[in-house]
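Colleague: What follows is structure_36.pdb; its format and atoms are PDB, C-alpha atoms and all ligand atoms.
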MODEL        1
ATOM      1  CA  MET X 142       0.000   0.000   0.000
ATOM      2  CA  THR X 143       2.530   2.592   1.167
ATOM      3  CA  THR X 144       5.011   1.882  -1.635
ATOM      4  CA  SER X 145       2.517   2.089  -4.483
ATOM      5  CA  VAL X 146       3.087   5.815  -5.017
ATOM      6  CA  THR X 147       6.864   5.570  -5.376
ATOM      7  CA  ASN X 148       7.326   2.102  -6.879
ATOM      8  CA  ALA X 149       6.335   1.656 -10.532
ATOM      9  CA  PHE X 150       6.400  -2.105  -9.985
ATOM     10  CA  ALA X 151       3.971  -2.181  -7.074
ATOM     11  CA  LEU X 152       0.897  -4.414  -7.016
ATOM     12  CA  SER X 153      -2.507  -3.632  -5.549
ATOM     13  CA  GLU X 154      -3.763  -5.848  -2.743
ATOM     14  CA  GLU X 155      -6.112  -7.604  -5.188
ATOM     15  CA  GLU X 156      -3.177  -8.292  -7.486
ATOM     16  CA  GLN X 157      -1.019  -9.620  -4.655
ATOM     17  CA  ALA X 158      -3.698 -12.229  -4.001
ATOM     18  CA  LEU X 159      -3.166 -13.495  -7.578
ATOM     19  CA  LEU X 160       0.511 -14.359  -7.070
ATOM     20  CA  PRO X 161       1.542 -18.012  -6.733
ATOM     21  CA  THR X 162       1.636 -19.217  -3.132
ATOM     22  CA  ASP X 163       4.790 -20.743  -1.629
ATOM     23  CA  ASP X 164       3.322 -24.194  -2.306
ATOM     24  CA  GLU X 165       2.672 -23.278  -5.925
ATOM     25  CA  VAL X 166       6.226 -21.956  -6.350
ATOM     26  CA  GLU X 167       7.455 -25.250  -4.946
ATOM     27  CA  ALA X 168       5.162 -27.184  -7.326
ATOM     28  CA  TYR X 169       6.592 -25.196 -10.273
ATOM     29  CA  ALA X 170      10.107 -26.192  -9.186
ATOM     30  CA  ARG X 171       9.019 -29.847  -9.128
ATOM     31  CA  GLN X 172       6.783 -29.947 -12.229
ATOM     32  CA  GLY X 173       8.351 -27.292 -14.470
ATOM     33  CA  TRP X 174       5.004 -25.649 -15.228
ATOM     34  CA  TYR X 175       2.368 -23.535 -13.461
ATOM     35  CA  LEU X 176      -1.170 -22.482 -14.344
ATOM     36  CA  THR X 177      -1.934 -18.965 -13.081
ATOM     37  CA  ARG X 178      -5.007 -17.310 -11.668
ATOM     38  CA  LYS X 179      -6.860 -14.746 -13.796
ATOM     39  CA  LEU X 180      -4.128 -12.162 -14.397
ATOM     40  CA  LEU X 181      -5.755 -10.257 -17.270
ATOM     41  CA  THR X 182      -9.262  -8.800 -17.413
ATOM     42  CA  ASP X 183     -11.585  -9.792 -20.253
ATOM     43  CA  ALA X 184     -11.169  -6.259 -21.639
ATOM     44  CA  GLU X 185      -7.368  -6.635 -21.674
ATOM     45  CA  VAL X 186      -7.575 -10.009 -23.416
ATOM     46  CA  ASP X 187     -10.088  -8.697 -25.963
ATOM     47  CA  GLU X 188      -7.708  -5.817 -26.702
ATOM     48  CA  LEU X 189      -4.970  -8.387 -27.446
ATOM     49  CA  THR X 190      -7.251  -9.952 -30.063
ATOM     50  CA  ALA X 191      -8.240  -6.587 -31.558
ATOM     51  CA  ALA X 192      -4.628  -5.327 -31.617
ATOM     52  CA  SER X 193      -3.410  -8.579 -33.184
ATOM     53  CA  GLU X 194      -6.020  -8.266 -35.956
ATOM     54  CA  ARG X 195      -4.790  -4.716 -36.620
ATOM     55  CA  PHE X 196      -1.229  -6.074 -36.691
ATOM     56  CA  TYR X 197      -2.185  -8.789 -39.198
ATOM     57  CA  ALA X 198      -3.816  -6.059 -41.319
ATOM     58  CA  GLY X 199      -0.453  -4.248 -41.421
ATOM     59  CA  GLU X 200      -0.503  -1.836 -38.470
ATOM     60  CA  ARG X 201       2.928  -1.337 -36.844
ATOM     61  CA  SER X 202       4.037   1.038 -34.081
ATOM     62  CA  ARG X 203       7.580   0.590 -35.424
ATOM     63  CA  THR X 204       9.507  -2.074 -37.341
ATOM     64  CA  LEU X 205      12.833  -3.727 -36.603
ATOM     65  CA  PRO X 206      15.798  -1.666 -37.904
ATOM     66  CA  VAL X 207      17.383  -4.835 -39.361
ATOM     67  CA  ARG X 208      15.960  -8.278 -40.026
ATOM     68  CA  PRO X 209      17.720 -10.974 -37.937
ATOM     69  CA  SER X 210      18.529 -14.193 -39.780
ATOM     70  CA  ARG X 211      16.153 -16.455 -37.844
ATOM     71  CA  LEU X 212      13.202 -14.139 -37.471
ATOM     72  CA  ALA X 213       9.752 -15.783 -37.406
ATOM     73  CA  TYR X 214       7.583 -13.365 -39.329
ATOM     74  CA  TRP X 215       4.274 -14.401 -40.871
ATOM     75  CA  GLU X 216       2.957 -12.238 -43.688
ATOM     76  CA  PRO X 217      -0.317 -12.641 -45.624
ATOM     77  CA  SER X 218       1.593 -14.066 -48.621
ATOM     78  CA  LYS X 219       2.441 -17.123 -46.471
ATOM     79  CA  GLY X 220      -1.225 -18.151 -46.459
ATOM     80  CA  THR X 221      -3.155 -20.355 -44.043
ATOM     81  CA  VAL X 222      -0.196 -21.893 -42.200
ATOM     82  CA  GLN X 223       0.393 -21.368 -38.466
ATOM     83  CA  ARG X 224       1.431 -17.740 -37.930
ATOM     84  CA  HIS X 225       4.416 -16.751 -35.771
ATOM     85  CA  ASN X 226       5.524 -13.121 -35.355
ATOM     86  CA  ASP X 227       8.538 -12.434 -33.125
ATOM     87  CA  TYR X 228       9.193  -9.097 -31.387
ATOM     88  CA  ILE X 229       5.482  -8.333 -31.086
ATOM     89  CA  HIS X 230       6.258  -6.279 -27.934
ATOM     90  CA  TYR X 231       8.489  -4.076 -30.098
ATOM     91  CA  GLU X 232       6.252  -3.751 -33.126
ATOM     92  CA  SER X 233       2.887  -3.239 -31.369
ATOM     93  CA  ASP X 234       2.573  -0.734 -28.535
ATOM     94  CA  ALA X 235      -1.052  -1.772 -27.948
ATOM     95  CA  ILE X 236       0.058  -5.348 -27.269
ATOM     96  CA  ALA X 237       3.169  -4.284 -25.314
ATOM     97  CA  ARG X 238       1.060  -2.156 -22.975
ATOM     98  CA  ILE X 239      -0.842  -5.265 -21.845
ATOM     99  CA  LEU X 240       2.171  -7.597 -21.767
ATOM    100  CA  ARG X 241       3.955  -5.104 -19.517
ATOM    101  CA  LYS X 242       1.310  -5.346 -16.798
ATOM    102  CA  PRO X 243       3.528  -5.630 -13.674
ATOM    103  CA  LEU X 244       1.512  -8.558 -12.304
ATOM    104  CA  ILE X 245       2.793 -10.870 -15.068
ATOM    105  CA  GLY X 246       6.404  -9.998 -14.261
ATOM    106  CA  ALA X 247       5.729 -10.382 -10.534
ATOM    107  CA  VAL X 248       4.412 -13.922 -11.056
ATOM    108  CA  ALA X 249       7.494 -14.760 -13.145
ATOM    109  CA  ALA X 250       9.813 -13.307 -10.469
ATOM    110  CA  ARG X 251       8.263 -15.545  -7.814
ATOM    111  CA  LEU X 252       8.537 -18.660  -9.989
ATOM    112  CA  ALA X 253      12.124 -17.958 -11.082
ATOM    113  CA  LYS X 254      13.078 -16.712  -7.594
ATOM    114  CA  ALA X 255      14.508 -13.592  -9.245
ATOM    115  CA  ASP X 256      14.577  -9.958  -8.138
ATOM    116  CA  GLU X 257      14.178  -8.683 -11.670
ATOM    117  CA  ILE X 258      12.424  -9.975 -14.783
ATOM    118  CA  ARG X 259      13.011  -8.561 -18.273
ATOM    119  CA  ILE X 260      11.331  -9.339 -21.542
ATOM    120  CA  TRP X 261      13.395 -11.763 -23.594
ATOM    121  CA  GLN X 262      11.147 -12.295 -26.621
ATOM    122  CA  SER X 263       7.456 -12.306 -27.464
ATOM    123  CA  THR X 264       5.871 -14.198 -30.327
ATOM    124  CA  LEU X 265       2.348 -13.641 -31.574
ATOM    125  CA  ILE X 266       0.890 -17.023 -32.582
ATOM    126  CA  TYR X 267      -2.200 -17.941 -34.609
ATOM    127  CA  LYS X 268      -3.229 -21.519 -35.318
ATOM    128  CA  PRO X 269      -5.855 -21.467 -38.068
ATOM    129  CA  PRO X 270      -8.920 -23.673 -37.488
ATOM    130  CA  ILE X 271      -7.873 -26.239 -40.087
ATOM    131  CA  SER X 272      -7.781 -29.674 -38.479
ATOM    132  CA  GLY X 273      -5.267 -31.193 -40.916
ATOM    133  CA  GLU X 274      -2.882 -28.215 -41.180
ATOM    134  CA  PRO X 275       0.544 -29.798 -40.553
ATOM    135  CA  SER X 276       2.224 -26.551 -39.458
ATOM    136  CA  ASN X 277      -0.196 -26.327 -36.509
ATOM    137  CA  VAL X 278       1.544 -29.204 -34.752
ATOM    138  CA  VAL X 279       4.341 -28.046 -32.440
ATOM    139  CA  PRO X 280       6.783 -30.934 -31.887
ATOM    140  CA  TRP X 281       8.281 -31.721 -28.476
ATOM    141  CA  HIS X 282      11.097 -29.360 -27.599
ATOM    142  CA  PHE X 283      12.418 -27.208 -24.796
ATOM    143  CA  ASP X 284      13.238 -23.552 -25.214
ATOM    144  CA  ARG X 285      16.706 -23.503 -23.583
ATOM    145  CA  HIS X 286      18.031 -24.991 -26.814
ATOM    146  CA  TYR X 287      17.240 -21.761 -28.671
ATOM    147  CA  TRP X 288      18.870 -19.649 -25.999
ATOM    148  CA  GLN X 289      22.351 -21.169 -25.775
ATOM    149  CA  ALA X 290      23.747 -17.634 -26.049
ATOM    150  CA  CYS X 291      22.279 -16.958 -22.579
ATOM    151  CA  THR X 292      23.885 -17.573 -19.176
ATOM    152  CA  SER X 293      20.641 -18.062 -17.234
ATOM    153  CA  GLU X 294      19.273 -21.530 -16.475
ATOM    154  CA  GLU X 295      16.047 -20.050 -15.090
ATOM    155  CA  MET X 296      14.499 -18.383 -18.104
ATOM    156  CA  LEU X 297      10.799 -19.081 -18.454
ATOM    157  CA  THR X 298       7.806 -18.521 -20.693
ATOM    158  CA  ALA X 299       4.249 -17.369 -20.150
ATOM    159  CA  PHE X 300       1.866 -18.858 -22.718
ATOM    160  CA  ILE X 301      -1.033 -16.383 -22.977
ATOM    161  CA  PRO X 302      -4.102 -17.434 -24.979
ATOM    162  CA  PHE X 303      -6.680 -14.791 -25.978
ATOM    163  CA  HIS X 304      -9.690 -16.988 -25.084
ATOM    164  CA  ASP X 305     -10.514 -20.188 -23.220
ATOM    165  CA  CYS X 306      -7.966 -22.625 -24.613
ATOM    166  CA  GLY X 307      -8.475 -26.365 -24.344
ATOM    167  CA  VAL X 308      -7.334 -29.597 -25.924
ATOM    168  CA  GLU X 309      -9.536 -29.230 -29.034
ATOM    169  CA  MET X 310      -7.667 -26.019 -29.948
ATOM    170  CA  GLY X 311      -4.266 -27.687 -29.605
ATOM    171  CA  THR X 312      -3.319 -26.000 -26.361
ATOM    172  CA  ILE X 313       0.259 -26.081 -25.086
ATOM    173  CA  THR X 314       1.050 -29.400 -23.390
ATOM    174  CA  MET X 315       3.807 -29.941 -20.826
ATOM    175  CA  VAL X 316       5.859 -33.042 -20.067
ATOM    176  CA  ASP X 317       5.639 -33.069 -16.297
ATOM    177  CA  GLY X 318       8.957 -32.705 -14.441
ATOM    178  CA  SER X 319      11.041 -32.987 -17.629
ATOM    179  CA  HIS X 320      13.038 -29.824 -16.795
ATOM    180  CA  ARG X 321      14.841 -31.880 -14.153
ATOM    181  CA  TRP X 322      15.970 -34.595 -16.577
ATOM    182  CA  GLU X 323      19.604 -35.039 -17.437
ATOM    183  CA  GLU X 324      19.891 -34.531 -21.166
ATOM    184  CA  ILE X 325      21.367 -37.045 -23.596
ATOM    185  CA  GLY X 326      21.806 -36.859 -27.348
ATOM    186  CA  ALA X 327      21.900 -33.070 -27.561
ATOM    187  CA  ASP X 328      23.765 -31.977 -30.635
ATOM    188  CA  ASP X 329      24.220 -28.723 -32.458
ATOM    189  CA  THR X 330      20.966 -29.122 -34.358
ATOM    190  CA  THR X 331      18.966 -28.545 -31.185
ATOM    191  CA  THR X 332      19.703 -24.831 -31.353
ATOM    192  CA  ARG X 333      17.618 -24.676 -34.550
ATOM    193  CA  HIS X 334      13.977 -23.704 -34.176
ATOM    194  CA  PHE X 335      11.466 -26.576 -34.205
ATOM    195  CA  ALA X 336      10.000 -25.322 -37.486
ATOM    196  CA  GLU X 337      13.340 -26.185 -39.144
ATOM    197  CA  ARG X 338      13.595 -29.684 -37.654
ATOM    198  CA  ASP X 339      12.231 -33.131 -38.299
ATOM    199  CA  ASN X 340       9.263 -33.928 -36.026
ATOM    200  CA  GLU X 341      10.137 -37.604 -35.772
ATOM    201  CA  ASP X 342      13.646 -36.748 -34.573
ATOM    202  CA  LEU X 343      12.166 -34.599 -31.838
ATOM    203  CA  ASP X 344       9.660 -37.280 -30.754
ATOM    204  CA  ARG X 345      12.475 -39.802 -30.541
ATOM    205  CA  MET X 346      14.616 -37.390 -28.531
ATOM    206  CA  LEU X 347      11.832 -37.038 -25.955
ATOM    207  CA  ALA X 348      11.426 -40.815 -25.630
ATOM    208  CA  ASP X 349      15.189 -41.403 -25.398
ATOM    209  CA  ASN X 350      15.613 -38.716 -22.755
ATOM    210  CA  ALA X 351      12.731 -40.059 -20.652
ATOM    211  CA  ALA X 352      14.205 -43.581 -20.811
ATOM    212  CA  HIS X 353      17.649 -42.321 -19.834
ATOM    213  CA  ASN X 354      16.086 -40.709 -16.750
ATOM    214  CA  HIS X 355      13.903 -43.749 -15.926
ATOM    215  CA  ALA X 356      10.997 -41.339 -16.244
ATOM    216  CA  GLU X 357       7.524 -41.817 -17.594
ATOM    217  CA  VAL X 358       6.410 -39.256 -20.214
ATOM    218  CA  ARG X 359       3.417 -37.613 -18.531
ATOM    219  CA  LYS X 360       1.824 -35.146 -20.956
ATOM    220  CA  ILE X 361      -0.314 -32.512 -19.301
ATOM    221  CA  PRO X 362      -2.427 -30.288 -21.579
ATOM    222  CA  MET X 363      -2.800 -26.798 -20.128
ATOM    223  CA  VAL X 364      -6.526 -26.108 -20.084
ATOM    224  CA  ILE X 365      -6.407 -22.328 -19.756
ATOM    225  CA  PRO X 366      -9.451 -20.146 -19.056
ATOM    226  CA  LYS X 367      -9.556 -16.663 -20.631
ATOM    227  CA  GLY X 368      -7.314 -14.230 -18.728
ATOM    228  CA  HIS X 369      -5.238 -17.021 -17.178
ATOM    229  CA  MET X 370      -1.871 -18.198 -18.550
ATOM    230  CA  SER X 371       0.549 -21.075 -18.153
ATOM    231  CA  PHE X 372       4.241 -20.740 -17.323
ATOM    232  CA  HIS X 373       6.966 -23.213 -18.230
ATOM    233  CA  HIS X 374      10.624 -23.514 -17.276
ATOM    234  CA  CYS X 375      13.162 -23.238 -20.128
ATOM    235  CA  ARG X 376      14.062 -26.936 -19.824
ATOM    236  CA  THR X 377      10.486 -28.270 -19.668
ATOM    237  CA  TYR X 378       9.592 -30.304 -22.760
ATOM    238  CA  HIS X 379       6.393 -29.056 -24.381
ATOM    239  CA  GLY X 380       4.509 -29.200 -27.650
ATOM    240  CA  SER X 381       0.972 -28.923 -28.986
ATOM    241  CA  GLY X 382      -1.395 -30.602 -31.417
ATOM    242  CA  ALA X 383      -3.922 -29.811 -34.122
ATOM    243  CA  ASN X 384      -6.585 -27.142 -33.797
ATOM    244  CA  VAL X 385      -9.771 -29.154 -34.426
ATOM    245  CA  SER X 386     -12.038 -26.402 -33.049
ATOM    246  CA  PRO X 387     -14.037 -24.085 -35.346
ATOM    247  CA  ASP X 388     -12.052 -21.037 -34.134
ATOM    248  CA  PRO X 389      -8.454 -19.846 -34.506
ATOM    249  CA  ARG X 390      -6.160 -20.484 -31.533
ATOM    250  CA  ARG X 391      -4.696 -17.070 -30.719
ATOM    251  CA  ALA X 392      -1.881 -16.623 -28.194
ATOM    252  CA  ILE X 393       1.390 -14.956 -27.289
ATOM    253  CA  SER X 394       4.442 -16.852 -26.108
ATOM    254  CA  PHE X 395       6.012 -14.400 -23.719
ATOM    255  CA  HIS X 396       9.620 -15.426 -23.073
ATOM    256  CA  LEU X 397      11.227 -13.913 -19.960
ATOM    257  CA  GLN X 398      14.747 -13.566 -18.553
ATOM    258  CA  PRO X 399      15.817 -13.145 -14.922
ATOM    259  CA  GLY X 400      17.761  -9.947 -14.165
ATOM    260  CA  ASP X 401      21.124 -11.736 -14.067
ATOM    261  CA  ASN X 402      20.882 -13.146 -17.601
ATOM    262  CA  GLU X 403      23.724 -12.138 -19.935
ATOM    263  CA  ASN X 404      25.170 -13.084 -23.274
ATOM    264  CA  ARG X 405      27.801 -15.820 -23.259
ATOM    265  CA  SER X 406      29.963 -17.239 -25.980
ATOM    266  CA  PHE X 407      28.726 -20.738 -26.860
ATOM    267  CA  ARG X 408      30.634 -22.641 -29.519
ATOM    268  CA  LEU X 409      29.219 -25.247 -31.889
ATOM    269  CA  SER X 410      31.197 -28.247 -33.100
ATOM    270  CA  THR X 411      31.648 -26.370 -36.389
ATOM    271  CA  GLY X 412      33.637 -23.715 -34.521
ATOM    272  CA  ASP X 413      30.872 -21.139 -35.044
ATOM    273  CA  THR X 414      29.559 -19.196 -32.064
ATOM    274  CA  VAL X 415      25.824 -19.403 -31.379
ATOM    275  CA  ALA X 416      23.993 -16.136 -31.898
ATOM    276  CA  TYR X 417      20.487 -15.104 -30.958
ATOM    277  CA  ASN X 418      18.377 -12.801 -33.132
ATOM    278  CA  HIS X 419      18.853 -10.002 -30.591
ATOM    279  CA  ASP X 420      22.586  -9.906 -31.278
ATOM    280  CA  VAL X 421      22.154  -7.759 -34.414
ATOM    281  CA  LEU X 422      19.647  -5.449 -32.690
ATOM    282  CA  VAL X 423      20.647  -4.679 -29.111
ATOM    283  CA  ARG X 424      23.296  -2.234 -27.892
ATOM    284  CA  ARG X 425      26.710  -3.593 -26.787
ATOM    285  CA  THR X 426      28.042  -4.018 -23.256
ATOM    286  CA  ALA X 427      31.277  -2.303 -22.146
ATOM    287  CA  ASP X 428      33.170  -5.505 -23.020
ATOM    288  CA  ASP X 429      31.523  -5.608 -26.458
ATOM    289  CA  ARG X 430      28.915  -8.361 -26.066
ATOM    290  CA  PRO X 431      25.214  -8.049 -27.003
ATOM    291  CA  ASP X 432      23.473  -6.376 -24.052
ATOM    292  CA  TYR X 433      20.417  -8.435 -23.088
ATOM    293  CA  ALA X 434      19.384  -5.600 -20.764
ATOM    294  CA  ASP X 435      18.922  -3.107 -23.619
ATOM    295  CA  PRO X 436      15.676  -1.369 -22.583
ATOM    296  CA  GLU X 437      14.610  -0.873 -26.195
ATOM    297  CA  PHE X 438      14.268  -4.605 -26.901
ATOM    298  CA  CYS X 439      14.440  -6.215 -23.435
ATOM    299  CA  PRO X 440      12.644  -3.828 -21.057
ATOM    300  CA  VAL X 441      12.321  -4.539 -17.341
ATOM    301  CA  LEU X 442       8.932  -6.062 -16.547
ATOM    302  CA  TRP X 443       9.311  -6.343 -12.811
ATOM    303  CA  ARG X 444      11.797  -5.400 -10.091
ATOM    304  CA  ASN X 445      11.406  -6.302  -6.415
TER     305      ASN X 445
HETATM  306  O1  LIG Y   1       2.195 -22.638 -29.443
HETATM  307  C1  LIG Y   1       2.414 -23.625 -28.721
HETATM  308  O2  LIG Y   1       1.564 -24.466 -28.482
HETATM  309  C2  LIG Y   1       3.777 -23.807 -28.113
HETATM  310  C3  LIG Y   1       4.502 -22.516 -27.921
HETATM  311  C4  LIG Y   1       5.892 -22.725 -27.396
HETATM  312  O3  LIG Y   1       6.631 -23.542 -27.849
HETATM  313  C5  LIG Y   1       6.360 -21.886 -26.282
HETATM  314  O4  LIG Y   1       5.537 -21.104 -25.733
HETATM  315  O5  LIG Y   1       7.531 -21.979 -25.913
HETATM  316 FE    FE Y   2       8.598 -23.528 -26.861
ENDMDL
END
Represent the structure from my file as structure tokens, please.

Modeller:
Amino acid sequence: MTTSVTNAFALSEEEQALLPTDDEVEAYARQGWYLTRKLLTDAEVDELTAASERFYAGERSRTLPVRPSRLAYWEPSKGTVQRHNDYIHYESDAIARILRKPLIGAVAARLAKADEIRIWQSTLIYKPPISGEPSNVVPWHFDRHYWQACTSEEMLTAFIPFHDCGVEMGTITMVDGSHRWEEIGADDTTTRHFAERDNEDLDRMLADNAAHNHAEVRKIPMVIPKGHMSFHHCRTYHGSGANVSPDPRRAISFHLQPGDNENRSFRLSTGDTVAYNHDVLVRRTADDRPDYADPEFCPVLWRN
């Protein structure tokens, strides 16, 4: 109450009641996923849908100054495939305003046990209501593989649907506890995005890793009511299936970094250093590395 005037990251009492409890934080550490309370109002969620439709129609608050080599960027010419648009928090102020609601960052800070949370990436996603559309299927993967240029082992993602999202829409599905598995069979190809990889390879990798850990593959679909969201740890295997509903599945994958995350040099067997798309966009640190705290692309969402 008393700090709300001076602290831009303060929560109201109602909002504080929406944070994960200690037991829920502990369950996240065990399971690698967490389903939130209702963090967004219906009006906020409806504005995400309206703003995303304006975005698809061509509206931009600004565009990226250069196009990174692995940018996911659906355009109408790509047709009725699954749509992915990275950097939506940069290109749409209307969407960014809602994503930057402090409550979302505060939930992430509790789960990651971090004092600060910054935006890492945000991807606007649209699964068309076409039951046999192959691009709608998201194969099993975990996100840490894409972020080898990062030092943090506690990055995490909020999956934010714009409506009630259940199994028939192909909601995100977690492999329970898989973030605690020891990994086998990782090779350089795992840094490539799932859209560039063979689905069967990825299925086999999940089965092999479960066997190596004497673990059962327990797949838990996140049934998410409107305004709620699911979180997953950066090593939690997840994927999603077809959208067999009559409506598009609309969502944002909101990828987050703890305050201590930095760029590191990570070498592939080819001798090349792994880069992330940010590396051609963000400012440089004093020792000439990409600065993953650049407020233009990676603004602070929450600070304790
Ligand atoms: O769209 C989905 O179902 C999965 C999204 C995803 O891979 C993620 O949020 O990290
Ligand atoms: Fe993912």

Colleague: From the options X:Thr190, X:Thr182, X:Asn354, X:Thr414, which residue's atoms come nearest to Lys367 in chain X, counting only C-alpha atoms?

Modeller: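 Closest candidate: X:Thr182.
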
Colleague: As an exercise, work out the distance from CA of Leu409 in chain X to CA of His374 in chain X in Å and give it to one decimal place.

Modeller: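 One can read the CA of Leu409 in chain X to CA of His374 in chain X distance as 23.7 Å.
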
Colleague: Which is closest to Ile266 in chain X among X:Ile325, X:Leu422, X:Val358, X:Ile229, if we use only C-alpha atoms?

Modeller: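 When distances to Ile266 in chain X are compared using only C-alpha atoms, the smallest one comes from X:Ile229.
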
Colleague: Each residue of chain X lying at most 9 Å from ligand LIG 1 (chain Y) should get a row with its shortest atom-to-atom pair and the distance in Å to one decimal, counting all atoms listed in the file; could you produce that, ordered by chain and increasing number, as a tab-separated table?

Modeller:
residue	atom	partner	partner_atom	distance
X:His225	CA	Y:LIG1	O1	8.9
X:Thr264	CA	Y:LIG1	O4	8.3
X:Ile266	CA	Y:LIG1	O1	6.6
X:Tyr267	CA	Y:LIG1	O1	8.3
X:Lys268	CA	Y:LIG1	O1	8.1
X:Asn277	CA	Y:LIG1	O1	8.3
X:Val278	CA	Y:LIG1	O2	7.9
X:Val279	CA	Y:LIG1	O2	6.0
X:Pro280	CA	Y:LIG1	O3	8.4
X:Trp281	CA	Y:LIG1	O3	8.4
X:His282	CA	Y:LIG1	O3	7.3
X:Phe283	CA	Y:LIG1	O5	7.2
X:Asp284	CA	Y:LIG1	O5	6.0
X:Leu297	CA	Y:LIG1	O5	8.6
X:Thr298	CA	Y:LIG1	O4	6.1
X:Ala299	CA	Y:LIG1	O4	6.8
X:Phe300	CA	Y:LIG1	O4	5.3
X:Ile301	CA	Y:LIG1	O4	8.5
X:Gly311	CA	Y:LIG1	O2	6.8
X:Thr312	CA	Y:LIG1	O2	5.5
X:Ile313	CA	Y:LIG1	O2	4.0
X:Thr314	CA	Y:LIG1	O2	7.1
X:Phe335	CA	Y:LIG1	O3	8.5
X:Phe372	CA	Y:LIG1	O4	8.5
X:His373	CA	Y:LIG1	O5	7.8
X:Cys375	CA	Y:LIG1	O5	8.2
X:Tyr378	CA	Y:LIG1	O3	9.0
X:His379	CA	Y:LIG1	O3	6.5
X:Gly380	CA	Y:LIG1	C2	5.5
X:Ser381	CA	Y:LIG1	O2	4.5
X:Gly382	CA	Y:LIG1	O2	7.4
X:Arg390	CA	Y:LIG1	O1	8.9
X:Arg391	CA	Y:LIG1	O1	9.0
X:Ala392	CA	Y:LIG1	O1	7.4
X:Ile393	CA	Y:LIG1	O4	7.6
X:Ser394	CA	Y:LIG1	O4	4.4
X:Phe395	CA	Y:LIG1	O4	7.0
X:His396	CA	Y:LIG1	O5	7.4

Colleague: Name every residue that the PyMOL selection byres (((chain X and resi 398-400) around 9) and not hetatm) selects in this structure, writing the answer as a PyMOL selection string with chains first and numbers rising.

Modeller: chain X and resi 249-250+253-262+293+295-298+396-397+401-403+433-434+439+441+444

Colleague: Name the residues captured by the PyMOL selection byres (((chain X and resi 239) around 9) and not hetatm) when it is applied to the shown file; answer as a list in words.

Modeller: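 So the PyMOL selection byres (((chain X and resi 239) around 9) and not hetatm), applied here, picks out Leu181, Glu185, Val186, Glu188, Leu189, Asp234, Ala235, Ile236, Ala237, Arg238, Leu240, Arg241 and Lys242 of chain X.
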
Colleague: Please evaluate the PyMOL selection byres (((chain X and resi 356) around 12) and not hetatm) against the displayed coordinates and give the resulting residues as a compact mmCIF listing (two decimals) with C-alpha atoms, keeping the file's coordinate frame.

Modeller:
# COMPACT_ATOMS: atom_id res chain seq x y z
CA VAL X 316 5.86 -33.04 -20.07
CA ASP X 317 5.64 -33.07 -16.30
CA GLY X 318 8.96 -32.70 -14.44
CA SER X 319 11.04 -32.99 -17.63
CA HIS X 320 13.04 -29.82 -16.80
CA ARG X 321 14.84 -31.88 -14.15
CA TRP X 322 15.97 -34.60 -16.58
CA GLU X 323 19.60 -35.04 -17.44
CA LEU X 347 11.83 -37.04 -25.96
CA ALA X 348 11.43 -40.82 -25.63
CA ASP X 349 15.19 -41.40 -25.40
CA ASN X 350 15.61 -38.72 -22.76
CA ALA X 351 12.73 -40.06 -20.65
CA ALA X 352 14.20 -43.58 -20.81
CA HIS X 353 17.65 -42.32 -19.83
CA ASN X 354 16.09 -40.71 -16.75
CA HIS X 355 13.90 -43.75 -15.93
CA GLU X 357 7.52 -41.82 -17.59
CA VAL X 358 6.41 -39.26 -20.21
CA ARG X 359 3.42 -37.61 -18.53

Colleague: How many Å lie between CA of Tyr197 in chain X and CA of Phe303 in chain X, rounded to one decimal?

Modeller: 15.2 Å

Colleague: Between CA of Leu180 in chain X and CA of Ser386 in chain X, measure the distance and give it in Å to one decimal.

Modeller: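 These two atoms are separated by 24.8 Å.
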